[in-house]
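J.: Quick one: structure below, then a few questions.
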Amino acid sequence: MQKATEATVLGDFSGASLESFGVVTTFFRSGNKFLVRTDGADGAIREYEIAYTFGIYPLQQYLIAFPGGRYQMLGIAWDSRPKQHGGQRWLHLYPDQKLKPGSWLHWTGRDQTWNYQCADCHSTDLKKNYNLAANTYATTWSDLNVACEACHGPGSRHVTWAQGQAKARSSPTPTDASRSSEELRMGLVTWLKATDQGRWEMNSKTGTAERTQPLASAQLDACAPCHSRRQVIAKGPSSGAPFLDFYLPSLLEPGLYHSDGEIDGEVFEYGSFVQSRMHNAGVVCTDCHHPHTLELRADGNGLCAQCHMPPKFDVTEHHHHRPGSAGAQCVNCHMPAKTYMIVHSRRDHSFRVPRPDLSVSIGTPNACIQCHADRSPDWAAKIVAEWYPNGRQTAVHYGIALNAGRTGAPDAERLLDQLILDQSQPAVARASALLLLPPYGSAASEPAILAAIEDPNPTVRSAAPRALADSPPRAIIQAVLSLLSDPVRAVRIETARALAGLDPRTMTPEQRNAFIIAYQELVAAELIDADRSEAHLNLGLLNTRRGQLDEAEAEYRTALRLTPDFVAAMVNLADLDRMRGMYKEGAELLRQAMSIDPDNADIRHSLGLLLVRQGKHAEALPQLRQASELAPDNVRYAYVYAIALNSSGASGEAMALLERTHRQHPADRDVLLALIIIARDRGDLATALTHARELAGLGPLDPQLRALVEDLRRRLKR
């Protein structure tokens with residue numbers, strides 16, 4: 001980030017223009033000022049002065065100052081690559097979207113606000129200083145760009161340390177002076193590697209370097225805050241402090257990662273790297289990257305040769321491609337790239353072995369087809385299996401379990417439980433399995449949840465409370481309560497979130513005190529982003545679960561004050577009205593939301609439920625039907641619509657819808673139970689028994705399901 005000057009601005013401001021969906025944006029100069037003429041938040045064409053440049057290569061973006069201390073990121077960027085590589089042009093970062101002025105993704109919207117979206121990682125010692133009452137910022141920083149203290153912490157620590165060393169050596173010998181100089185240099189990186197006494201040694205048998213001692217370095221904690229998809233959960237993060245004390249990282253969730261953990265959304269490097277065997281072996285960022293020059297430590301395969309012997313790996317027998325070709329480059333197989341922001345190619349840092357067999361079985365990408373686009377995954381899987389008969393394709397990958405959880409496979413619960421319990425698998429994958437467990441969780445999953453609660457890895461422990469079903473057994477609740485006093489903040493606040501609706505009378509005095517403290521930390525974590533409507537939505541949901549309906553309404557209305565068209569807040573406020581019996585007000589709010597986003601399934605579903613509560617079943621059915629059609633993969637919407645159909649007398653239609661939904665989501669218990677009950681009531685005992693046996697297979701430890709099967713079996717024999 002730099003002030004916009006003749007020396008820093010790379011874009012063509014000589015009158016160049018770009019048209020997008022009828023809006024012509026023009027870039028020009030007036031004296032020393034760099035200006036842009038484009039549509040503002042109200043849709044009117046205006047002139048804006050560029051305040052700062054943001055980035056250098058392959059793109060440079062531009063910041064514009066707005067009232068209230070806000071800086072907005074222009075949605076058109078300068079492609080700074082050489083012309084022969086397609087650069088030296090203006091390009092729109094959302095070329096296929098007609099963005100409504102003022103909407104979240106429009107350059108004037110909240111998702112393009114520098115103070116929230118970008119500033120924390122691109123400046124040093126940033127203080128956002130947001131005023132919720134006034135909806136203004138007074139953002140400050142010690143350095144406009146990323147400076148030494150952003151990574152190394154306050155320089156005062158080094159000064160204090162150096163002064164202490166000087167006093168201790170008032171008359172140093174030449175040897176002492178030399179050592180003192182070295183120690184002064186090392187004082188700048190005290191938390192990076194000062195406690196790490198291990199080193200790398202090549203294992204000639206495997207051809208791969210190994211550490212002489214386990215890694216003892218806080219380096220990843222220092223790099224992760226700006227190289228991860230995460231939520232800030234505490235103010236004033238200290239450089240090199242435990243990552244999960246100040247941040248809550250995203251896990252391997254749909255839209256961010258594919259089922260096997262490959263990058264999908266813009267997730268940066270941390271979530272990929274912690275999946276890797278290299279991370280598990282002790283590799284850190286600076287083993288490959290110079291921290292100050294940003295350059296790699298070696299070119300091409302030479303970088304990998306630092307730890308992997310070329311005679312074993314950089315040979316045709318290993319990569320099966322012509323030496324020197326693209327296929328012989330380690331990164332093209334083990335770090336496949338994906339392009340973000342139109343032109344920015346970024347490599348997956350999970351350092352995975354290509355698994356085209358997973359592409360065949362669960363539909364994930366693979367590096368082979370990225371190069372051989374004219375070939376099929378089946379072809380690639382066959383070739384790799386021929387090259388490596390005992391290769392990775394012979395081992396089960398955690399992507400199988402995560403995919404089963406995402407798709408509702410019949411064996412999802414068993415596979416997820418196995419992954420959670422397998423401590424040889426990456427912690428981030430095991431934590432992600434916990435997030436997928438609630439729809440399937442039965443008594444069979446209790447050992448996995450209990451083990452996760454006591455897991456040595458805080459990422460797993462932080463996900464354990466999120467695995468709780470709607471009504472978990474008392475023993476599970478008691479075990480989860482212990483996490484309220486966990487030494488890691490991320491674990492404590494996720495536990496407080498999960499237990500927000502728990503009756504305090506069921507806790508011991510010590511547990512209540514721990515909950516109060518952890519809940520305060522949770523609220524403080526949400527308020528760090530008080531400038532975001534989502535934070536107030538989250539607080540409203542927490543208040544609702546705690547029965548504090550007035551406080552919940554206040555949070556939802558704050559969310560709508562910040563973002564008047566935030567339909568999620570409208571839907572939840574309408575749900576609050578429904579809980580209070582204020583059906584008319586709730587319906588009006590939902591219809592207002594529908595006018596903003598007519599294709600939103602959540603709005604239709606909520607309106608349908610509200611109309612059912614009012615006894616207006618005929619009006620409710622079309623809304624529930626449209627919700628189901630707009631979100632065909634949402635099993636809950638299909639289930640609710642089917643129940644409504646059955647209640648209206650259309651049991652045949654209800655059965656047909658439930659059967660289709662069951663084929664899509666064979667492990668959904670509610671759908672199976674509805675199929676059993678409706679089929680039984682229709683006198684179709686054979687169908688009811690078939691589905692009862694399926695349901696019992698999902699909960700083999702449930703005596704009630706076994707009794708249901710036996711009852712239907714006896715009836716059918718009569």
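Just remember, in the structure tokens the first chain shown is A, the second B, etc., residues are 1-based per chain, and ligands are 1-based in the order shown.
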How would you write, as JSON, numbers by chain, the set of residues in segment 195-357 of chain A that DSSP gives as helix (DSSP H, G or I)?
T.: {"A": [219, 220, 221, 222, 223, 224, 225, 226, 243, 244, 245, 270, 271, 272, 273, 277, 278, 279, 280, 281, 285, 286, 287, 301, 302, 303, 304, 310, 311, 312, 313, 316, 317, 318, 319, 326, 327, 328, 330, 331, 332, 333, 334, 356, 357]}
J.: Do you know which residues are at most 10 Å from Asn332 of chain A counting only C-alpha atoms, after dropping those on the same chain fewer than 2 positions away, and could you put them as a PDB file with N, CA and C atoms, in the first residue's frame?
T.:
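And here's part30.pdb as it stands now:
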```pdb
ATOM      1  N   ALA A 326       7.277 -29.463 -18.744  1.00  0.00           N
ATOM      2  CA  ALA A 326       6.376 -28.975 -17.693  1.00  0.00           C
ATOM      3  C   ALA A 326       5.983 -30.095 -16.747  1.00  0.00           C
ATOM      4  N   GLY A 327       5.791 -31.302 -17.287  1.00  0.00           N
ATOM      5  CA  GLY A 327       5.400 -32.426 -16.458  1.00  0.00           C
ATOM      6  C   GLY A 327       6.488 -32.906 -15.525  1.00  0.00           C
ATOM      7  N   ALA A 328       7.721 -32.497 -15.771  1.00  0.00           N
ATOM      8  CA  ALA A 328       8.836 -32.890 -14.909  1.00  0.00           C
ATOM      9  C   ALA A 328       9.081 -31.881 -13.795  1.00  0.00           C
ATOM     10  N   GLN A 329       8.314 -30.799 -13.767  1.00  0.00           N
ATOM     11  CA  GLN A 329       8.453 -29.800 -12.721  1.00  0.00           C
ATOM     12  C   GLN A 329       7.638 -30.226 -11.504  1.00  0.00           C
ATOM     13  N   CYS A 330       8.290 -30.324 -10.375  1.00  0.00           N
ATOM     14  CA  CYS A 330       7.642 -30.826  -9.162  1.00  0.00           C
ATOM     15  C   CYS A 330       6.329 -30.096  -8.859  1.00  0.00           C
ATOM     16  N   HIS A 334       2.593 -31.503  -7.782  1.00  0.00           N
ATOM     17  CA  HIS A 334       2.356 -31.509  -6.334  1.00  0.00           C
ATOM     18  C   HIS A 334       1.804 -30.192  -5.794  1.00  0.00           C
ATOM     19  N   MET A 335       1.789 -29.148  -6.590  1.00  0.00           N
ATOM     20  CA  MET A 335       1.228 -27.862  -6.179  1.00  0.00           C
ATOM     21  C   MET A 335       0.404 -27.274  -7.320  1.00  0.00           C
ATOM     22  N   PRO A 336      -0.681 -27.941  -7.732  1.00  0.00           N
ATOM     23  CA  PRO A 336      -1.481 -27.418  -8.847  1.00  0.00           C
ATOM     24  C   PRO A 336      -1.978 -26.011  -8.544  1.00  0.00           C
ATOM     25  N   ALA A 337      -2.108 -25.214  -9.593  1.00  0.00           N
ATOM     26  CA  ALA A 337      -2.457 -23.798  -9.428  1.00  0.00           C
ATOM     27  C   ALA A 337      -3.911 -23.535  -9.797  1.00  0.00           C
ATOM     28  N   ARG A 347      -0.659 -21.277  -6.128  1.00  0.00           N
ATOM     29  CA  ARG A 347      -0.462 -22.720  -6.016  1.00  0.00           C
ATOM     30  C   ARG A 347      -1.001 -23.265  -4.688  1.00  0.00           C
ATOM     31  N   PRO A 354      -0.744 -36.442  -6.715  1.00  0.00           N
ATOM     32  CA  PRO A 354      -1.933 -36.452  -7.579  1.00  0.00           C
ATOM     33  C   PRO A 354      -2.782 -37.702  -7.343  1.00  0.00           C
ATOM     34  N   ALA A 367      -4.166 -32.842 -10.660  1.00  0.00           N
ATOM     35  CA  ALA A 367      -3.139 -32.137 -11.426  1.00  0.00           C
ATOM     36  C   ALA A 367      -2.955 -32.726 -12.819  1.00  0.00           C
ATOM     37  N   CYS A 368      -3.185 -34.024 -12.974  1.00  0.00           N
ATOM     38  CA  CYS A 368      -2.969 -34.664 -14.277  1.00  0.00           C
ATOM     39  C   CYS A 368      -3.868 -34.043 -15.348  1.00  0.00           C
ATOM     40  N   GLN A 370      -5.318 -31.238 -15.215  1.00  0.00           N
ATOM     41  CA  GLN A 370      -5.064 -29.810 -15.389  1.00  0.00           C
ATOM     42  C   GLN A 370      -4.154 -29.578 -16.585  1.00  0.00           C
ATOM     43  N   CYS A 371      -3.213 -30.494 -16.812  1.00  0.00           N
ATOM     44  CA  CYS A 371      -2.328 -30.400 -17.984  1.00  0.00           C
ATOM     45  C   CYS A 371      -2.919 -31.134 -19.182  1.00  0.00           C
TER      46      CYS A 371
END
```
J.: Determine, counting only C-alpha atoms, which protein, DNA and RNA residues have an atom within 12 Å of an atom of Phe27 of chain A; residues of the same chain fewer than 3 positions away are not included. Present the result as an MDAnalysis selection string.
T.: chainID A and resid 9 11:19 24 30 33:38 46:50 62 74 76:78 89:90
J.: So which one's closest to Tyr637 of chain A, A:Ile453, A:Arg682, A:Glu659, A:Ala601? Using only C-alpha atoms, please.
T.: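 Of the candidates, the smallest distance to Tyr637 of chain A is held by A:Ala601.
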J.: Select, from A:Met309, A:Ile383, A:Ala688, A:Ala696, the residue with the minimum atom-to-atom distance to Arg715 of chain A, counting only C-alpha atoms.
T.: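 Closest to Arg715 of chain A of all the choices is A:Ala688.
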J.: For Glu253 of chain A, work out the shell of residues within 12 Å, counting only C-alpha atoms and skipping chain neighbours fewer than 4 positions away, then give it as a PDB file with N, CA, C and O atoms, in the first residue's frame.
T.:
```pdb
ATOM      1  N   ARG A 229      -7.545 -17.948   5.623  1.00  0.00           N
ATOM      2  CA  ARG A 229      -8.936 -17.489   5.671  1.00  0.00           C
ATOM      3  C   ARG A 229      -9.358 -17.642   7.126  1.00  0.00           C
ATOM      4  O   ARG A 229      -9.397 -18.753   7.645  1.00  0.00           O
ATOM      5  N   PRO A 249      -9.517 -20.017  12.321  1.00  0.00           N
ATOM      6  CA  PRO A 249      -9.348 -20.299  10.891  1.00  0.00           C
ATOM      7  C   PRO A 249     -10.539 -21.049  10.310  1.00  0.00           C
ATOM      8  O   PRO A 249     -11.208 -21.825  11.003  1.00  0.00           O
ATOM      9  N   TYR A 257     -12.901 -25.250   0.007  1.00  0.00           N
ATOM     10  CA  TYR A 257     -12.045 -26.374  -0.369  1.00  0.00           C
ATOM     11  C   TYR A 257     -12.898 -27.475  -0.991  1.00  0.00           C
ATOM     12  O   TYR A 257     -14.070 -27.646  -0.635  1.00  0.00           O
ATOM     13  N   HIS A 258     -12.296 -28.225  -1.892  1.00  0.00           N
ATOM     14  CA  HIS A 258     -12.948 -29.420  -2.403  1.00  0.00           C
ATOM     15  C   HIS A 258     -12.938 -30.491  -1.308  1.00  0.00           C
ATOM     16  O   HIS A 258     -12.257 -30.352  -0.285  1.00  0.00           O
ATOM     17  N   SER A 259     -13.682 -31.551  -1.516  1.00  0.00           N
ATOM     18  CA  SER A 259     -13.813 -32.585  -0.484  1.00  0.00           C
ATOM     19  C   SER A 259     -12.467 -33.150  -0.045  1.00  0.00           C
ATOM     20  O   SER A 259     -12.298 -33.529   1.117  1.00  0.00           O
ATOM     21  N   ASP A 260     -11.505 -33.218  -0.957  1.00  0.00           N
ATOM     22  CA  ASP A 260     -10.202 -33.788  -0.607  1.00  0.00           C
ATOM     23  C   ASP A 260      -9.239 -32.749  -0.042  1.00  0.00           C
ATOM     24  O   ASP A 260      -8.067 -33.049   0.209  1.00  0.00           O
ATOM     25  N   GLY A 261      -9.709 -31.522   0.148  1.00  0.00           N
ATOM     26  CA  GLY A 261      -8.876 -30.479   0.730  1.00  0.00           C
ATOM     27  C   GLY A 261      -8.167 -29.596  -0.271  1.00  0.00           C
ATOM     28  O   GLY A 261      -7.474 -28.647   0.120  1.00  0.00           O
ATOM     29  N   GLU A 262      -8.333 -29.852  -1.575  1.00  0.00           N
ATOM     30  CA  GLU A 262      -7.720 -28.968  -2.576  1.00  0.00           C
ATOM     31  C   GLU A 262      -8.412 -27.608  -2.550  1.00  0.00           C
ATOM     32  O   GLU A 262      -9.602 -27.496  -2.256  1.00  0.00           O
ATOM     33  N   ILE A 263      -7.658 -26.574  -2.893  1.00  0.00           N
ATOM     34  CA  ILE A 263      -8.199 -25.218  -2.846  1.00  0.00           C
ATOM     35  C   ILE A 263      -9.328 -25.047  -3.860  1.00  0.00           C
ATOM     36  O   ILE A 263      -9.283 -25.565  -4.967  1.00  0.00           O
ATOM     37  N   ASP A 264     -10.343 -24.317  -3.452  1.00  0.00           N
ATOM     38  CA  ASP A 264     -11.456 -23.972  -4.335  1.00  0.00           C
ATOM     39  C   ASP A 264     -11.662 -22.467  -4.286  1.00  0.00           C
ATOM     40  O   ASP A 264     -11.358 -21.751  -5.225  1.00  0.00           O
ATOM     41  N   GLY A 265     -12.135 -21.943  -3.160  1.00  0.00           N
ATOM     42  CA  GLY A 265     -12.254 -20.500  -2.999  1.00  0.00           C
ATOM     43  C   GLY A 265     -10.904 -19.868  -2.700  1.00  0.00           C
ATOM     44  O   GLY A 265      -9.864 -20.533  -2.666  1.00  0.00           O
ATOM     45  N   VAL A 267      -8.516 -18.980  -0.419  1.00  0.00           N
ATOM     46  CA  VAL A 267      -8.249 -19.363   0.971  1.00  0.00           C
ATOM     47  C   VAL A 267      -6.814 -19.108   1.416  1.00  0.00           C
ATOM     48  O   VAL A 267      -6.467 -19.374   2.562  1.00  0.00           O
ATOM     49  N   GLY A 271      -4.550 -23.096   5.374  1.00  0.00           N
ATOM     50  CA  GLY A 271      -5.418 -24.268   5.423  1.00  0.00           C
ATOM     51  C   GLY A 271      -4.935 -25.407   4.562  1.00  0.00           C
ATOM     52  O   GLY A 271      -5.192 -26.577   4.861  1.00  0.00           O
ATOM     53  N   GLY A 399     -10.522 -37.372   2.099  1.00  0.00           N
ATOM     54  CA  GLY A 399     -11.543 -36.792   1.228  1.00  0.00           C
ATOM     55  C   GLY A 399     -12.748 -37.694   1.049  1.00  0.00           C
ATOM     56  O   GLY A 399     -13.862 -37.210   0.799  1.00  0.00           O
ATOM     57  N   LEU A 402     -14.983 -36.899   4.065  1.00  0.00           N
ATOM     58  CA  LEU A 402     -15.549 -35.549   3.966  1.00  0.00           C
ATOM     59  C   LEU A 402     -16.584 -35.477   2.851  1.00  0.00           C
ATOM     60  O   LEU A 402     -17.622 -34.813   2.992  1.00  0.00           O
ATOM     61  N   ASN A 403     -16.328 -36.159   1.751  1.00  0.00           N
ATOM     62  CA  ASN A 403     -17.302 -36.169   0.663  1.00  0.00           C
ATOM     63  C   ASN A 403     -18.577 -36.898   1.085  1.00  0.00           C
ATOM     64  O   ASN A 403     -19.687 -36.471   0.749  1.00  0.00           O
ATOM     65  N   GLY A 405     -19.775 -37.046   4.064  1.00  0.00           N
ATOM     66  CA  GLY A 405     -20.497 -36.122   4.931  1.00  0.00           C
ATOM     67  C   GLY A 405     -21.189 -35.014   4.165  1.00  0.00           C
ATOM     68  O   GLY A 405     -22.309 -34.611   4.501  1.00  0.00           O
ATOM     69  N   ARG A 406     -20.545 -34.523   3.131  1.00  0.00           N
ATOM     70  CA  ARG A 406     -21.136 -33.444   2.340  1.00  0.00           C
ATOM     71  C   ARG A 406     -22.336 -33.916   1.522  1.00  0.00           C
ATOM     72  O   ARG A 406     -23.275 -33.154   1.303  1.00  0.00           O
ATOM     73  N   VAL A 428      -6.732 -30.484  10.612  1.00  0.00           N
ATOM     74  CA  VAL A 428      -7.745 -29.658   9.949  1.00  0.00           C
ATOM     75  C   VAL A 428      -8.785 -30.536   9.254  1.00  0.00           C
ATOM     76  O   VAL A 428      -9.965 -30.170   9.185  1.00  0.00           O
ATOM     77  N   ALA A 429      -8.398 -31.701   8.759  1.00  0.00           N
ATOM     78  CA  ALA A 429      -9.352 -32.622   8.142  1.00  0.00           C
ATOM     79  C   ALA A 429     -10.242 -33.252   9.200  1.00  0.00           C
ATOM     80  O   ALA A 429     -11.458 -33.406   9.012  1.00  0.00           O
ATOM     81  N   ALA A 431     -10.984 -31.960  12.129  1.00  0.00           N
ATOM     82  CA  ALA A 431     -11.881 -30.906  12.604  1.00  0.00           C
ATOM     83  C   ALA A 431     -13.019 -30.675  11.614  1.00  0.00           C
ATOM     84  O   ALA A 431     -14.171 -30.454  12.011  1.00  0.00           O
ATOM     85  N   SER A 432     -12.715 -30.741  10.341  1.00  0.00           N
ATOM     86  CA  SER A 432     -13.736 -30.549   9.313  1.00  0.00           C
ATOM     87  C   SER A 432     -14.764 -31.668   9.360  1.00  0.00           C
ATOM     88  O   SER A 432     -15.950 -31.449   9.088  1.00  0.00           O
ATOM     89  N   ALA A 433     -14.332 -32.882   9.707  1.00  0.00           N
ATOM     90  CA  ALA A 433     -15.269 -33.996   9.854  1.00  0.00           C
ATOM     91  C   ALA A 433     -16.239 -33.745  11.000  1.00  0.00           C
ATOM     92  O   ALA A 433     -17.423 -34.103  10.920  1.00  0.00           O
ATOM     93  N   LEU A 434     -15.768 -33.121  12.066  1.00  0.00           N
ATOM     94  CA  LEU A 434     -16.643 -32.803  13.190  1.00  0.00           C
ATOM     95  C   LEU A 434     -17.758 -31.851  12.776  1.00  0.00           C
ATOM     96  O   LEU A 434     -18.900 -31.974  13.229  1.00  0.00           O
ATOM     97  N   LEU A 435     -17.447 -30.905  11.892  1.00  0.00           N
ATOM     98  CA  LEU A 435     -18.466 -29.958  11.433  1.00  0.00           C
ATOM     99  C   LEU A 435     -19.563 -30.647  10.636  1.00  0.00           C
ATOM    100  O   LEU A 435     -20.713 -30.190  10.626  1.00  0.00           O
ATOM    101  N   LEU A 436     -19.220 -31.740   9.968  1.00  0.00           N
ATOM    102  CA  LEU A 436     -20.183 -32.447   9.124  1.00  0.00           C
ATOM    103  C   LEU A 436     -21.012 -33.465   9.893  1.00  0.00           C
ATOM    104  O   LEU A 436     -21.977 -34.015   9.358  1.00  0.00           O
TER     105      LEU A 436
END
```
J.: For Leu244 of chain A, which residue out of A:Ser485, A:Thr459, A:Gln511, A:Gln163 is the nearest one, using only C-alpha atoms?
T.: A:Thr459
J.: Got a sec: who's within 8 Å of Pro439 of chain A, counting only C-alpha atoms, leaving out chain neighbours fewer than 2 positions off, as a list in words?
T.: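 The neighbour list is Leu436, Leu437, Gly441, Ala469 and Asp668 of chain A.
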J.: Pick out the closest residue to Ser533 of chain A from this set: A:Arg561, A:His308, A:Arg346, A:Arg466. Count only C-alpha atoms.
T.: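 Going through A:Arg561, A:His308, A:Arg346, A:Arg466 one by one, the smallest distance to Ser533 of chain A is for A:Arg561.
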J.: Report as a PyMOL selection string all protein, DNA and RNA residues lying within 12 Å of Arg557 of chain A, evaluated on only C-alpha atoms, omitting residues in the same chain fewer than 6 positions from it.
T.: chain A and resi 533-534+536-537+539-540+550-551+563-574+576+589
J.: Please write the residues from the selection above to a file, keeping N, CA and C atoms, as a compact mmCIF listing (two decimals), in the first residue's frame.
T.:
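Output below, filename again-v7.txt:
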```txt
# COMPACT_ATOMS: atom_id res chain seq x y z
N SER A 533 -22.42 -6.37 9.28
CA SER A 533 -23.77 -6.78 9.66
C SER A 533 -23.80 -8.23 10.13
N GLU A 534 -22.91 -9.06 9.58
CA GLU A 534 -22.90 -10.47 9.97
C GLU A 534 -22.60 -10.64 11.46
N HIS A 536 -23.50 -8.70 13.90
CA HIS A 536 -24.72 -8.42 14.66
C HIS A 536 -25.77 -9.50 14.43
N LEU A 537 -25.77 -10.09 13.26
CA LEU A 537 -26.63 -11.25 13.02
C LEU A 537 -26.23 -12.38 13.97
N LEU A 539 -24.67 -12.16 16.85
CA LEU A 539 -25.04 -11.80 18.22
C LEU A 539 -26.54 -11.94 18.43
N GLY A 540 -27.33 -11.60 17.43
CA GLY A 540 -28.77 -11.76 17.53
C GLY A 540 -29.16 -13.22 17.69
N ASP A 550 -35.44 -9.22 23.26
CA ASP A 550 -35.30 -7.77 23.02
C ASP A 550 -33.88 -7.45 22.56
N GLU A 551 -32.90 -8.07 23.20
CA GLU A 551 -31.51 -7.85 22.79
C GLU A 551 -31.26 -8.40 21.38
N THR A 563 -26.65 -2.32 6.93
CA THR A 563 -26.89 -2.84 5.59
C THR A 563 -28.40 -3.02 5.42
N PRO A 564 -29.11 -2.00 4.92
CA PRO A 564 -30.57 -2.06 4.86
C PRO A 564 -31.14 -3.21 4.04
N ASP A 565 -30.37 -3.75 3.09
CA ASP A 565 -30.89 -4.84 2.27
C ASP A 565 -30.33 -6.20 2.70
N PHE A 566 -29.92 -6.33 3.95
CA PHE A 566 -29.35 -7.57 4.47
C PHE A 566 -30.50 -8.53 4.77
N VAL A 567 -30.82 -9.38 3.81
CA VAL A 567 -32.02 -10.21 3.93
C VAL A 567 -31.90 -11.25 5.05
N ALA A 568 -30.69 -11.71 5.37
CA ALA A 568 -30.53 -12.69 6.46
C ALA A 568 -31.02 -12.11 7.78
N ALA A 569 -30.74 -10.82 8.01
CA ALA A 569 -31.22 -10.17 9.23
C ALA A 569 -32.73 -10.01 9.19
N MET A 570 -33.28 -9.72 8.01
CA MET A 570 -34.74 -9.61 7.88
C MET A 570 -35.42 -10.94 8.20
N VAL A 571 -34.85 -12.02 7.67
CA VAL A 571 -35.43 -13.34 7.90
C VAL A 571 -35.40 -13.69 9.38
N ASN A 572 -34.30 -13.42 10.05
CA ASN A 572 -34.20 -13.76 11.46
C ASN A 572 -35.05 -12.84 12.33
N LEU A 573 -35.18 -11.59 11.93
CA LEU A 573 -36.06 -10.69 12.67
C LEU A 573 -37.52 -11.13 12.50
N ALA A 574 -37.87 -11.58 11.30
CA ALA A 574 -39.22 -12.10 11.07
C ALA A 574 -39.47 -13.35 11.89
N LEU A 576 -38.13 -13.94 14.72
CA LEU A 576 -38.32 -13.43 16.08
C LEU A 576 -39.77 -12.96 16.24
N LEU A 589 -42.22 -8.12 6.85
CA LEU A 589 -40.77 -8.06 6.75
C LEU A 589 -40.26 -9.06 5.71
```
J.: Mind giving me the straight-line distance from atom CA of Pro95 of chain A to atom CA of Ala119 of chain A in Å, one decimal?
T.: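 Rounded to one decimal, the two atoms are 24.6 Å apart.
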J.: Could you check the closest approach to Leu63 of chain A for each of A:Gln97, A:Thr394, A:Ser628, A:Thr113 and tell me which residue wins, using only C-alpha atoms?
T.: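 Result for the nearest residue to Leu63 of chain A: A:Thr113.
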